[in-house]
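Asker: Got a structure for you, questions after.
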Amino acid sequence: MEALQIIVAIFILALASSLTFASDPSPLQDFCVAINDPKGSVFVNGKFCKDAKLAKADEFYFSGLHIRKNTSNIFGSTVTPVNVAQMPGLHTLGISMVRIDYAPNGGLNPPHTHPRASEILVVLEGTLHVGFVTSNPDNRLISKVLYPGDVFVFPVGLIHFQYNIGNTYAVAFAGLSSENPGVITIANAVFGSNPSINADILAKAFNLDRKMVKNLQSEF
Ligand SMILES: *[C@@H]1O[C@H](CO)[C@@H](O)[C@H](O)[C@H]1NC(C)=O
């Protein structure tokens with residue numbers, strides 16, 4: 001009997017903590033404009049919010065997503081984020097968005113994950129080969145070629161990419177289910193960490209010789 005009660009208690013605790021930490025918090029008020037200086041602010045939902053009476057339209061506003069960004073970089077892609085860092089009114093709302101520009105003939109948004117968000121992407125211009133890989137043990141690649149008007153979803157936490165296989169610029173917009181989705185670019189995190197991961201560890205993990213690991217580490 002006592003054991004059963006303990007199991008029930010553990011179950012309830014597990015449920016409660018999953019409700020608390022599984023996703024961005026639900027707002028307990030209309031909005032909570034993020035503020036860095038806690039002076040003149042109220043403390044709601046575990047965060048500092050600007051006094052609601054002082055909120056301004058500009059804190060719920062961003063301009064410039066119509067502009068094509070320069071994609072002359074090593075990957076040939078540029079992400080323009082609109083998350084809580086650019087739009088303080090997003091705080092506690094659990095959503096954000098990005099514009100992504102891809103250079104013609106191979107512009108790549110390289111394999112990366114968003115630890116806190118699923119991403120739903122719509123192509124406006126161009127032709128993108130997109131995909132994500134399922135978790136262990138299957139590691140199945142789920143991929144598709146997208147054309148203007150096509151929509152694809154990348155589930156939370158999974159490694160995904162988009163690659164411009166057309167000979168024109170490509171443009172996509174995406175919505176993300178967090179005010180602060182986070183980005184982990186796989187190559188940068190693994191081969192470009194600061195300080196570096198010991199080359200012997202990466203050589204073993206990737207079945208590469210140490211010299212190749214050193215080369216990769218110098219690239220990222
Ligand atoms: C794009 O960026 C590259 C590299 O920084 C620069 O050389 C080029 O002039 C830029 N192009 C435009 C149109 O601004």
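Numbering starts fresh at 1 for the residues of each chain in the structure tokens, the chains themselves are lettered A, B, ... in the order given, and ligands are numbered from 1 as they appear.
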Within 8 Å of Gly131 of chain A, counting only C-alpha atoms, which residues qualify if same-chain residues fewer than 2 places away don't, as a list in words?
Answerer: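 Those residues are His129, Val133, Leu141, Ile142, Ser143, Lys144, Phe154, His160, Phe161 and Gln162 of chain A.
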Asker: Using only C-alpha atoms and all ligand atoms, tabulate the residues of chain A lying at most 8 Å from any atom of ligand 1, each with its closest atom pair and that distance in Å to one decimal, by chain and increasing residue number, as a Markdown table.
Answerer:
| residue | atom | partner | partner_atom_place_in_ligand_line | distance |
| --- | --- | --- | --- | --- |
| A:Asn70 | CA | ligand 1 | 1 (C) | 4.9 |
| A:Thr71 | CA | ligand 1 | 1 (C) | 6.6 |
| A:Ser72 | CA | ligand 1 | 2 (O) | 4.9 |
| A:Asn73 | CA | ligand 1 | 4 (C) | 6.6 |
Asker: How many Å lie between atom CA of Val122 of chain A and atom CA of Val84 of chain A, rounded to one decimal?
Answerer: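 These two atoms are separated by 21.2 Å.
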Asker: Set the distance at 10 Å and use only C-alpha atoms: which residues neighbour Lys211 of chain A once local chain neighbours fewer than 5 positions away are removed? I'd like the list as an MDAnalysis selection string.
Answerer: chainID A and resid 199:200 203 216:217
Asker: Suppose we keep C-alpha atoms; can you now write the selection as an mmCIF file, in the first residue's frame?
Answerer:
data_model
loop_
_atom_site.group_PDB
_atom_site.id
_atom_site.type_symbol
_atom_site.label_atom_id
_atom_site.label_comp_id
_atom_site.auth_asym_id
_atom_site.auth_seq_id
_atom_site.Cartn_x
_atom_site.Cartn_y
_atom_site.Cartn_z
ATOM 1 C CA ALA A 199 40.712 15.817 -30.995
ATOM 2 C CA ASP A 200 41.107 12.207 -29.788
ATOM 3 C CA ALA A 203 38.534 11.159 -33.933
ATOM 4 C CA LEU A 216 37.903 20.304 -39.379
ATOM 5 C CA GLN A 217 38.509 22.139 -36.100
#
Asker: Excluding Leu176 of chain A and any residue of its chain fewer than 5 positions from it, enumerate the residues within 9 Å of it, using only C-alpha atoms, and give them as a JSON list (two decimals) with N, CA, C and O atoms, in the first residue's frame.
Answerer:
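Writing the result to part_23.json gives the following:
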[["chain", "number", "residue", "atom", "x", "y", "z"],
["A", 94, "GLY", "N", 5.47, 32.26, -26.56],
["A", 94, "GLY", "CA", 5.76, 30.91, -27.09],
["A", 94, "GLY", "C", 5.81, 30.82, -28.60],
["A", 94, "GLY", "O", 5.66, 29.72, -29.15],
["A", 95, "ILE", "N", 6.01, 31.94, -29.29],
["A", 95, "ILE", "CA", 6.15, 31.91, -30.75],
["A", 95, "ILE", "C", 7.22, 32.89, -31.21],
["A", 95, "ILE", "O", 7.57, 33.84, -30.49],
["A", 96, "SER", "N", 7.74, 32.66, -32.42],
["A", 96, "SER", "CA", 8.65, 33.60, -33.06],
["A", 96, "SER", "C", 8.72, 33.22, -34.53],
["A", 96, "SER", "O", 8.06, 32.26, -34.95],
["A", 97, "MET", "N", 9.50, 33.98, -35.31],
["A", 97, "MET", "CA", 9.62, 33.64, -36.73],
["A", 97, "MET", "C", 10.97, 34.04, -37.29],
["A", 97, "MET", "O", 11.74, 34.76, -36.65],
["A", 98, "VAL", "N", 11.25, 33.55, -38.49],
["A", 98, "VAL", "CA", 12.48, 33.91, -39.19],
["A", 98, "VAL", "C", 12.18, 34.08, -40.69],
["A", 98, "VAL", "O", 11.23, 33.49, -41.21],
["A", 114, "HIS", "N", 16.78, 23.16, -33.16],
["A", 114, "HIS", "CA", 16.26, 24.16, -32.22],
["A", 114, "HIS", "C", 15.84, 23.39, -30.97],
["A", 114, "HIS", "O", 14.86, 22.65, -31.01],
["A", 116, "ARG", "N", 14.32, 24.18, -28.37],
["A", 116, "ARG", "CA", 13.07, 24.52, -27.70],
["A", 116, "ARG", "C", 11.90, 24.73, -28.64],
["A", 116, "ARG", "O", 10.85, 25.19, -28.21],
["A", 117, "ALA", "N", 12.03, 24.41, -29.95],
["A", 117, "ALA", "CA", 10.92, 24.75, -30.85],
["A", 117, "ALA", "C", 10.77, 23.80, -32.02],
["A", 117, "ALA", "O", 11.76, 23.35, -32.60],
["A", 118, "SER", "N", 9.52, 23.52, -32.38],
["A", 118, "SER", "CA", 9.23, 22.98, -33.71],
["A", 118, "SER", "C", 9.21, 24.16, -34.67],
["A", 118, "SER", "O", 9.02, 25.31, -34.27],
["A", 119, "GLU", "N", 9.41, 23.86, -35.96],
["A", 119, "GLU", "CA", 9.50, 24.93, -36.96],
["A", 119, "GLU", "C", 8.62, 24.57, -38.14],
["A", 119, "GLU", "O", 8.74, 23.47, -38.69],
["A", 120, "ILE", "N", 7.74, 25.48, -38.54],
["A", 120, "ILE", "CA", 6.93, 25.26, -39.73],
["A", 120, "ILE", "C", 7.35, 26.29, -40.78],
["A", 120, "ILE", "O", 7.36, 27.49, -40.51],
["A", 121, "LEU", "N", 7.76, 25.77, -41.95],
["A", 121, "LEU", "CA", 8.44, 26.61, -42.95],
["A", 121, "LEU", "C", 7.60, 26.67, -44.23],
["A", 121, "LEU", "O", 7.08, 25.65, -44.68],
["A", 181, "PRO", "N", 13.86, 30.10, -29.61],
["A", 181, "PRO", "CA", 14.01, 28.69, -30.00],
["A", 181, "PRO", "C", 15.39, 28.12, -29.74],
["A", 181, "PRO", "O", 15.53, 26.93, -29.47]]
Asker: Return the single residue from A:Ile186, A:Ile165, A:Ile35, A:Leu128 that is closest to Glu59 of chain A, with distances computed using only C-alpha atoms.
Answerer: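 Among A:Ile186, A:Ile165, A:Ile35, A:Leu128, it is A:Ile35 that comes nearest to Glu59 of chain A.
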Asker: Between atom CA of Pro148 of chain A and atom CA of Leu65 of chain A, what distance in Å does the model show, to one decimal?
Answerer: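 Distance reported for this atom pair: 17.1 Å.
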Asker: Can you work out which one of A:Glu219, A:Ala57, A:Asp209, A:Leu28 has the shortest atom-to-atom distance to Ile74 of chain A, counting only C-alpha atoms?
Answerer: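 Closest residue, counting only C-alpha atoms: A:Glu219.
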Asker: Hey, can you check how far atom CA of Cys49 of chain A sits from atom CA of Pro115 of chain A?
Answerer: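 We find that atom CA of Cys49 of chain A and atom CA of Pro115 of chain A lie 24.3 Å from each other.
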Asker: Residues of segment 72-111 of chain A that have any atom at most 9 Å from an atom of segment 30-34 of chain A: could you tabulate them with the shortest-distance atom pair and the distance in Å to one decimal, using only C-alpha atoms, ordered by chain and increasing number, as a Markdown table?
Answerer:
| residue | atom | partner | partner_atom | distance |
| --- | --- | --- | --- | --- |
| A:Val84 | CA | A:Ala34 | CA | 7.7 |
| A:Ala85 | CA | A:Ala34 | CA | 8.9 |
| A:Met87 | CA | A:Val33 | CA | 8.6 |
| A:Pro88 | CA | A:Ala34 | CA | 4.8 |
| A:Gly89 | CA | A:Val33 | CA | 4.3 |
| A:Leu90 | CA | A:Val33 | CA | 7.0 |
| A:His91 | CA | A:Ala34 | CA | 5.6 |
| A:Thr92 | CA | A:Cys32 | CA | 6.5 |
| A:Leu93 | CA | A:Phe31 | CA | 7.4 |
Asker: For a quick check of understanding, using only C-alpha atoms, which of A:Phe191, A:Phe220, A:Tyr147, A:Tyr169 has the smallest distance to Tyr102 of chain A?
Answerer: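 Of all the options, A:Tyr169 lies closest to Tyr102 of chain A.
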Asker: Considering only C-alpha atoms, return as a JSON list (two decimals) with N, CA, C and O atoms, in the first residue's frame whatever protein or nucleic-acid residues lie within 8 Å of Lys69 of chain A, sequence-local ones (same chain, fewer than 5 positions apart) excluded.
Answerer:
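Result file is selection-v2.json:
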[["chain", "number", "residue", "atom", "x", "y", "z"],
["A", 78, "THR", "N", 21.29, 33.17, -45.18],
["A", 78, "THR", "CA", 21.23, 34.13, -44.07],
["A", 78, "THR", "C", 19.87, 34.04, -43.41],
["A", 78, "THR", "O", 18.84, 34.06, -44.08],
["A", 80, "THR", "N", 17.25, 35.75, -40.81],
["A", 80, "THR", "CA", 16.88, 36.99, -40.12],
["A", 80, "THR", "C", 15.83, 36.64, -39.06],
["A", 80, "THR", "O", 14.69, 36.31, -39.40],
["A", 101, "ASP", "N", 17.10, 33.53, -46.39],
["A", 101, "ASP", "CA", 17.50, 33.73, -47.78],
["A", 101, "ASP", "C", 18.57, 32.71, -48.16],
["A", 101, "ASP", "O", 19.46, 32.42, -47.34]]
Asker: Name all residues at most 10 Å from Asn164 of chain A (count only C-alpha atoms; drop same-chain ones fewer than 2 positions away) and give them as a PyMOL selection string.
Answerer: chain A and resi 76-77+101-109+126-130+145-146+162+166-171
Asker: Can you list, as an MDAnalysis selection string, all residues belonging to segment 1-218 of chain A that DSSP tags as alpha helix (DSSP H)?
Answerer: chainID A and resid 2:21 186:191 199:206 210:218
Asker: Since we have the selection now, will you write its residues out, keeping C-alpha atoms, as a short mmCIF file (atom, residue, chain, number, x, y, z; two decimals), in the first residue's frame?
Answerer:
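Below is the file out02.cif, written as the result:
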data_model
loop_
_atom_site.label_atom_id
_atom_site.label_comp_id
_atom_site.auth_asym_id
_atom_site.auth_seq_id
_atom_site.Cartn_x
_atom_site.Cartn_y
_atom_site.Cartn_z
CA GLU A 2 2.76 2.39 0.98
CA ALA A 3 4.70 1.49 -2.18
CA LEU A 4 1.62 2.25 -4.27
CA GLN A 5 1.29 5.67 -2.64
CA ILE A 6 4.93 6.42 -3.41
CA ILE A 7 4.44 5.39 -7.03
CA VAL A 8 1.35 7.59 -7.30
CA ALA A 9 3.26 10.49 -5.73
CA ILE A 10 6.16 10.03 -8.17
CA PHE A 11 3.71 9.87 -11.08
CA ILE A 12 2.00 13.11 -10.00
CA LEU A 13 5.37 14.84 -9.52
CA ALA A 14 6.54 13.67 -12.94
CA LEU A 15 3.33 14.93 -14.53
CA ALA A 16 3.58 18.26 -12.73
CA SER A 17 7.22 18.80 -13.75
CA SER A 18 6.51 17.88 -17.36
CA LEU A 19 3.67 20.41 -17.37
CA THR A 20 5.97 23.01 -15.89
CA PHE A 21 9.06 22.49 -18.04
CA ILE A 186 25.98 20.75 -35.62
CA ALA A 187 29.35 21.37 -37.30
CA ASN A 188 30.02 24.51 -35.27
CA ALA A 189 29.03 22.92 -31.96
CA VAL A 190 31.09 19.77 -32.55
CA PHE A 191 34.16 21.08 -34.41
CA ALA A 199 40.71 15.82 -31.00
CA ASP A 200 41.11 12.21 -29.79
CA ILE A 201 37.48 12.24 -28.65
CA LEU A 202 36.22 13.52 -32.01
CA ALA A 203 38.53 11.16 -33.93
CA LYS A 204 37.01 8.22 -32.07
CA ALA A 205 33.42 9.51 -32.22
CA PHE A 206 33.52 10.18 -35.98
CA ARG A 210 43.31 12.92 -35.68
CA LYS A 211 44.77 15.08 -38.45
CA MET A 212 41.44 15.30 -40.24
CA VAL A 213 39.79 16.30 -36.96
CA LYS A 214 42.38 19.06 -36.52
CA ASN A 215 41.63 20.23 -40.08
CA LEU A 216 37.90 20.30 -39.38
CA GLN A 217 38.51 22.14 -36.10
CA SER A 218 40.46 24.81 -37.97
#
Asker: DSSP on the backbone: what in segment 39-205 of chain A comes out strand (DSSP E), as an mmCIF file with N, CA and C atoms, in the first residue's frame?
Answerer:
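Written out: part28.cif:
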data_model
loop_
_atom_site.group_PDB
_atom_site.id
_atom_site.type_symbol
_atom_site.label_atom_id
_atom_site.label_comp_id
_atom_site.auth_asym_id
_atom_site.auth_seq_id
_atom_site.Cartn_x
_atom_site.Cartn_y
_atom_site.Cartn_z
ATOM 1 N N SER A 41 9.183 47.802 -13.249
ATOM 2 C CA SER A 41 8.590 46.631 -13.891
ATOM 3 C C SER A 41 7.876 45.794 -12.835
ATOM 4 N N VAL A 42 7.094 44.833 -13.286
ATOM 5 C CA VAL A 42 6.476 43.888 -12.367
ATOM 6 C C VAL A 42 7.016 42.496 -12.669
ATOM 7 N N PHE A 43 6.916 41.632 -11.686
ATOM 8 C CA PHE A 43 7.476 40.298 -11.775
ATOM 9 C C PHE A 43 6.307 39.334 -11.957
ATOM 10 N N VAL A 44 6.137 38.811 -13.198
ATOM 11 C CA VAL A 44 5.004 37.924 -13.480
ATOM 12 C C VAL A 44 5.510 36.662 -14.158
ATOM 13 N N LYS A 47 9.256 36.081 -14.658
ATOM 14 C CA LYS A 47 10.081 36.987 -15.469
ATOM 15 C C LYS A 47 9.735 38.435 -15.143
ATOM 16 N N PHE A 48 10.672 39.305 -15.471
ATOM 17 C CA PHE A 48 10.364 40.725 -15.379
ATOM 18 C C PHE A 48 9.536 41.140 -16.582
ATOM 19 N N CYS A 49 8.458 41.851 -16.328
ATOM 20 C CA CYS A 49 7.652 42.397 -17.419
ATOM 21 C C CYS A 49 7.600 43.903 -17.235
ATOM 22 N N LYS A 50 7.528 44.572 -18.350
ATOM 23 C CA LYS A 50 7.301 46.007 -18.309
ATOM 24 C C LYS A 50 5.893 46.278 -17.776
ATOM 25 N N SER A 77 23.674 31.278 -47.092
ATOM 26 C CA SER A 77 22.329 31.496 -46.555
ATOM 27 C C SER A 77 22.404 32.482 -45.403
ATOM 28 N N THR A 78 21.288 33.174 -45.181
ATOM 29 C CA THR A 78 21.232 34.132 -44.072
ATOM 30 C C THR A 78 19.874 34.041 -43.406
ATOM 31 N N VAL A 79 19.895 33.919 -42.092
ATOM 32 C CA VAL A 79 18.659 33.850 -41.305
ATOM 33 C C VAL A 79 18.442 35.204 -40.637
ATOM 34 N N THR A 80 17.245 35.749 -40.814
ATOM 35 C CA THR A 80 16.877 36.989 -40.118
ATOM 36 C C THR A 80 15.831 36.635 -39.060
ATOM 37 N N PRO A 81 16.214 36.642 -37.784
ATOM 38 C CA PRO A 81 15.277 36.213 -36.747
ATOM 39 C C PRO A 81 14.370 37.342 -36.257
ATOM 40 N N VAL A 82 13.161 36.964 -35.876
ATOM 41 C CA VAL A 82 12.282 37.880 -35.134
ATOM 42 C C VAL A 82 11.822 37.094 -33.913
ATOM 43 N N SER A 96 7.738 32.657 -32.416
ATOM 44 C CA SER A 96 8.653 33.601 -33.057
ATOM 45 C C SER A 96 8.718 33.220 -34.526
ATOM 46 N N MET A 97 9.499 33.983 -35.314
ATOM 47 C CA MET A 97 9.624 33.642 -36.733
ATOM 48 C C MET A 97 10.970 34.041 -37.291
ATOM 49 N N VAL A 98 11.254 33.550 -38.495
ATOM 50 C CA VAL A 98 12.484 33.911 -39.195
ATOM 51 C C VAL A 98 12.182 34.077 -40.686
ATOM 52 N N ARG A 99 13.024 34.874 -41.350
ATOM 53 C CA ARG A 99 13.115 34.862 -42.806
ATOM 54 C C ARG A 99 14.456 34.210 -43.139
ATOM 55 N N ILE A 100 14.483 33.340 -44.152
ATOM 56 C CA ILE A 100 15.742 32.718 -44.557
ATOM 57 C C ILE A 100 15.948 32.966 -46.040
ATOM 58 N N ASP A 101 17.103 33.526 -46.386
ATOM 59 C CA ASP A 101 17.502 33.728 -47.784
ATOM 60 C C ASP A 101 18.573 32.713 -48.155
ATOM 61 N N TYR A 102 18.485 32.201 -49.382
ATOM 62 C CA TYR A 102 19.425 31.182 -49.866
ATOM 63 C C TYR A 102 19.997 31.653 -51.199
ATOM 64 N N LEU A 108 22.888 26.970 -48.519
ATOM 65 C CA LEU A 108 22.558 25.931 -47.521
ATOM 66 C C LEU A 108 22.329 26.536 -46.151
ATOM 67 N N ASN A 109 21.204 26.191 -45.529
ATOM 68 C CA ASN A 109 21.044 26.412 -44.089
ATOM 69 C C ASN A 109 21.495 25.090 -43.472
ATOM 70 N N PRO A 110 22.713 25.052 -42.907
ATOM 71 C CA PRO A 110 23.356 23.770 -42.591
ATOM 72 C C PRO A 110 22.650 23.024 -41.458
ATOM 73 N N PRO A 111 22.895 21.718 -41.345
ATOM 74 C CA PRO A 111 22.224 20.917 -40.315
ATOM 75 C C PRO A 111 22.332 21.554 -38.926
ATOM 76 N N HIS A 112 21.162 21.726 -38.313
ATOM 77 C CA HIS A 112 21.097 22.369 -36.990
ATOM 78 C C HIS A 112 19.836 21.894 -36.279
ATOM 79 N N THR A 113 19.734 22.186 -34.991
ATOM 80 C CA THR A 113 18.504 21.884 -34.263
ATOM 81 C C THR A 113 18.083 23.112 -33.462
ATOM 82 N N GLU A 119 9.407 23.860 -35.955
ATOM 83 C CA GLU A 119 9.496 24.927 -36.956
ATOM 84 C C GLU A 119 8.621 24.571 -38.142
ATOM 85 N N ILE A 120 7.743 25.482 -38.539
ATOM 86 C CA ILE A 120 6.927 25.258 -39.734
ATOM 87 C C ILE A 120 7.349 26.287 -40.779
ATOM 88 N N LEU A 121 7.762 25.773 -41.947
ATOM 89 C CA LEU A 121 8.437 26.605 -42.953
ATOM 90 C C LEU A 121 7.601 26.670 -44.227
ATOM 91 N N VAL A 122 7.493 27.862 -44.798
ATOM 92 C CA VAL A 122 6.806 28.010 -46.090
ATOM 93 C C VAL A 122 7.782 28.637 -47.089
ATOM 94 N N VAL A 123 7.843 28.078 -48.288
ATOM 95 C CA VAL A 123 8.720 28.603 -49.339
ATOM 96 C C VAL A 123 7.970 29.670 -50.125
ATOM 97 N N LEU A 124 8.599 30.835 -50.285
ATOM 98 C CA LEU A 124 7.991 31.892 -51.097
ATOM 99 C C LEU A 124 8.557 31.929 -52.504
ATOM 100 N N GLU A 125 9.878 31.689 -52.610
ATOM 101 C CA GLU A 125 10.556 31.723 -53.918
ATOM 102 C C GLU A 125 11.578 30.609 -53.943
ATOM 103 N N LEU A 128 13.706 24.292 -52.710
ATOM 104 C CA LEU A 128 14.533 23.859 -51.587
ATOM 105 C C LEU A 128 14.412 22.359 -51.376
ATOM 106 N N HIS A 129 15.569 21.699 -51.219
ATOM 107 C CA HIS A 129 15.590 20.322 -50.724
ATOM 108 C C HIS A 129 15.732 20.443 -49.206
ATOM 109 N N VAL A 130 14.725 19.931 -48.463
ATOM 110 C CA VAL A 130 14.738 20.072 -47.005
ATOM 111 C C VAL A 130 14.626 18.695 -46.369
ATOM 112 N N GLY A 131 15.064 18.581 -45.139
ATOM 113 C CA GLY A 131 14.908 17.303 -44.466
ATOM 114 C C GLY A 131 15.242 17.383 -42.989
ATOM 115 N N PHE A 132 14.798 16.358 -42.268
ATOM 116 C CA PHE A 132 15.203 16.190 -40.866
ATOM 117 C C PHE A 132 15.472 14.723 -40.620
ATOM 118 N N VAL A 133 16.202 14.430 -39.539
ATOM 119 C CA VAL A 133 16.603 13.063 -39.212
ATOM 120 C C VAL A 133 15.984 12.685 -37.866
ATOM 121 N N LEU A 141 16.147 9.631 -42.422
ATOM 122 C CA LEU A 141 16.060 10.942 -43.075
ATOM 123 C C LEU A 141 14.679 11.077 -43.713
ATOM 124 N N ILE A 142 13.974 12.150 -43.324
ATOM 125 C CA ILE A 142 12.663 12.433 -43.917
ATOM 126 C C ILE A 142 12.841 13.726 -44.703
ATOM 127 N N SER A 143 12.768 13.632 -46.042
ATOM 128 C CA SER A 143 13.145 14.795 -46.853
ATOM 129 C C SER A 143 12.185 14.978 -48.020
ATOM 130 N N LYS A 144 12.256 16.162 -48.624
ATOM 131 C CA LYS A 144 11.303 16.519 -49.682
ATOM 132 C C LYS A 144 11.859 17.709 -50.448
ATOM 133 N N VAL A 145 11.469 17.828 -51.710
ATOM 134 C CA VAL A 145 11.777 19.036 -52.482
ATOM 135 C C VAL A 145 10.559 19.957 -52.416
ATOM 136 N N LEU A 146 10.818 21.203 -52.031
ATOM 137 C CA LEU A 146 9.726 22.172 -51.844
ATOM 138 C C LEU A 146 9.779 23.272 -52.896
ATOM 139 N N VAL A 151 4.711 23.866 -47.694
ATOM 140 C CA VAL A 151 4.942 24.014 -46.252
ATOM 141 C C VAL A 151 5.508 22.710 -45.715
ATOM 142 N N PHE A 152 6.491 22.806 -44.807
ATOM 143 C CA PHE A 152 7.107 21.604 -44.219
ATOM 144 C C PHE A 152 7.336 21.881 -42.741
ATOM 145 N N VAL A 153 7.229 20.845 -41.905
ATOM 146 C CA VAL A 153 7.454 21.053 -40.465
ATOM 147 C C VAL A 153 8.660 20.245 -40.004
ATOM 148 N N PHE A 154 9.492 20.880 -39.170
ATOM 149 C CA PHE A 154 10.641 20.231 -38.550
ATOM 150 C C PHE A 154 10.313 20.060 -37.064
ATOM 151 N N ILE A 159 17.523 17.270 -35.935
ATOM 152 C CA ILE A 159 18.489 17.901 -36.842
ATOM 153 C C ILE A 159 17.832 18.076 -38.211
ATOM 154 N N HIS A 160 17.920 19.292 -38.760
ATOM 155 C CA HIS A 160 17.284 19.563 -40.055
ATOM 156 C C HIS A 160 18.115 20.547 -40.872
ATOM 157 N N PHE A 161 17.770 20.667 -42.152
ATOM 158 C CA PHE A 161 18.523 21.543 -43.074
ATOM 159 C C PHE A 161 17.604 21.961 -44.215
ATOM 160 N N GLN A 162 18.032 23.015 -44.949
ATOM 161 C CA GLN A 162 17.387 23.383 -46.212
ATOM 162 C C GLN A 162 18.507 23.730 -47.194
ATOM 163 N N TYR A 163 18.342 23.287 -48.452
ATOM 164 C CA TYR A 163 19.390 23.410 -49.458
ATOM 165 C C TYR A 163 18.759 23.903 -50.764
ATOM 166 N N ASN A 164 19.269 24.997 -51.299
ATOM 167 C CA ASN A 164 18.701 25.569 -52.527
ATOM 168 C C ASN A 164 19.220 24.810 -53.741
ATOM 169 N N ALA A 170 16.399 31.729 -53.307
ATOM 170 C CA ALA A 170 15.228 31.146 -52.646
ATOM 171 C C ALA A 170 14.962 31.929 -51.363
ATOM 172 N N VAL A 171 13.679 31.994 -51.007
ATOM 173 C CA VAL A 171 13.257 32.701 -49.790
ATOM 174 C C VAL A 171 12.230 31.844 -49.071
ATOM 175 N N ALA A 172 12.417 31.664 -47.773
ATOM 176 C CA ALA A 172 11.422 30.961 -46.960
ATOM 177 C C ALA A 172 11.172 31.763 -45.682
ATOM 178 N N PHE A 173 9.973 31.613 -45.157
ATOM 179 C CA PHE A 173 9.651 32.139 -43.831
ATOM 180 C C PHE A 173 9.297 30.947 -42.957
ATOM 181 N N ALA A 174 9.590 31.052 -41.665
ATOM 182 C CA ALA A 174 9.236 29.961 -40.762
ATOM 183 C C ALA A 174 8.727 30.512 -39.445
ATOM 184 N N GLY A 175 7.741 29.807 -38.883
ATOM 185 C CA GLY A 175 7.255 30.096 -37.536
ATOM 186 C C GLY A 175 7.845 29.068 -36.594
ATOM 187 N N LEU A 176 8.186 29.493 -35.374
ATOM 188 C CA LEU A 176 8.798 28.586 -34.391
ATOM 189 C C LEU A 176 8.023 28.665 -33.083
ATOM 190 N N ILE A 184 21.422 25.185 -32.488
ATOM 191 C CA ILE A 184 22.692 24.474 -32.361
ATOM 192 C C ILE A 184 23.067 24.028 -33.761
ATOM 193 N N THR A 185 24.074 24.675 -34.358
ATOM 194 C CA THR A 185 24.560 24.253 -35.676
ATOM 195 C C THR A 185 25.558 23.121 -35.422
#
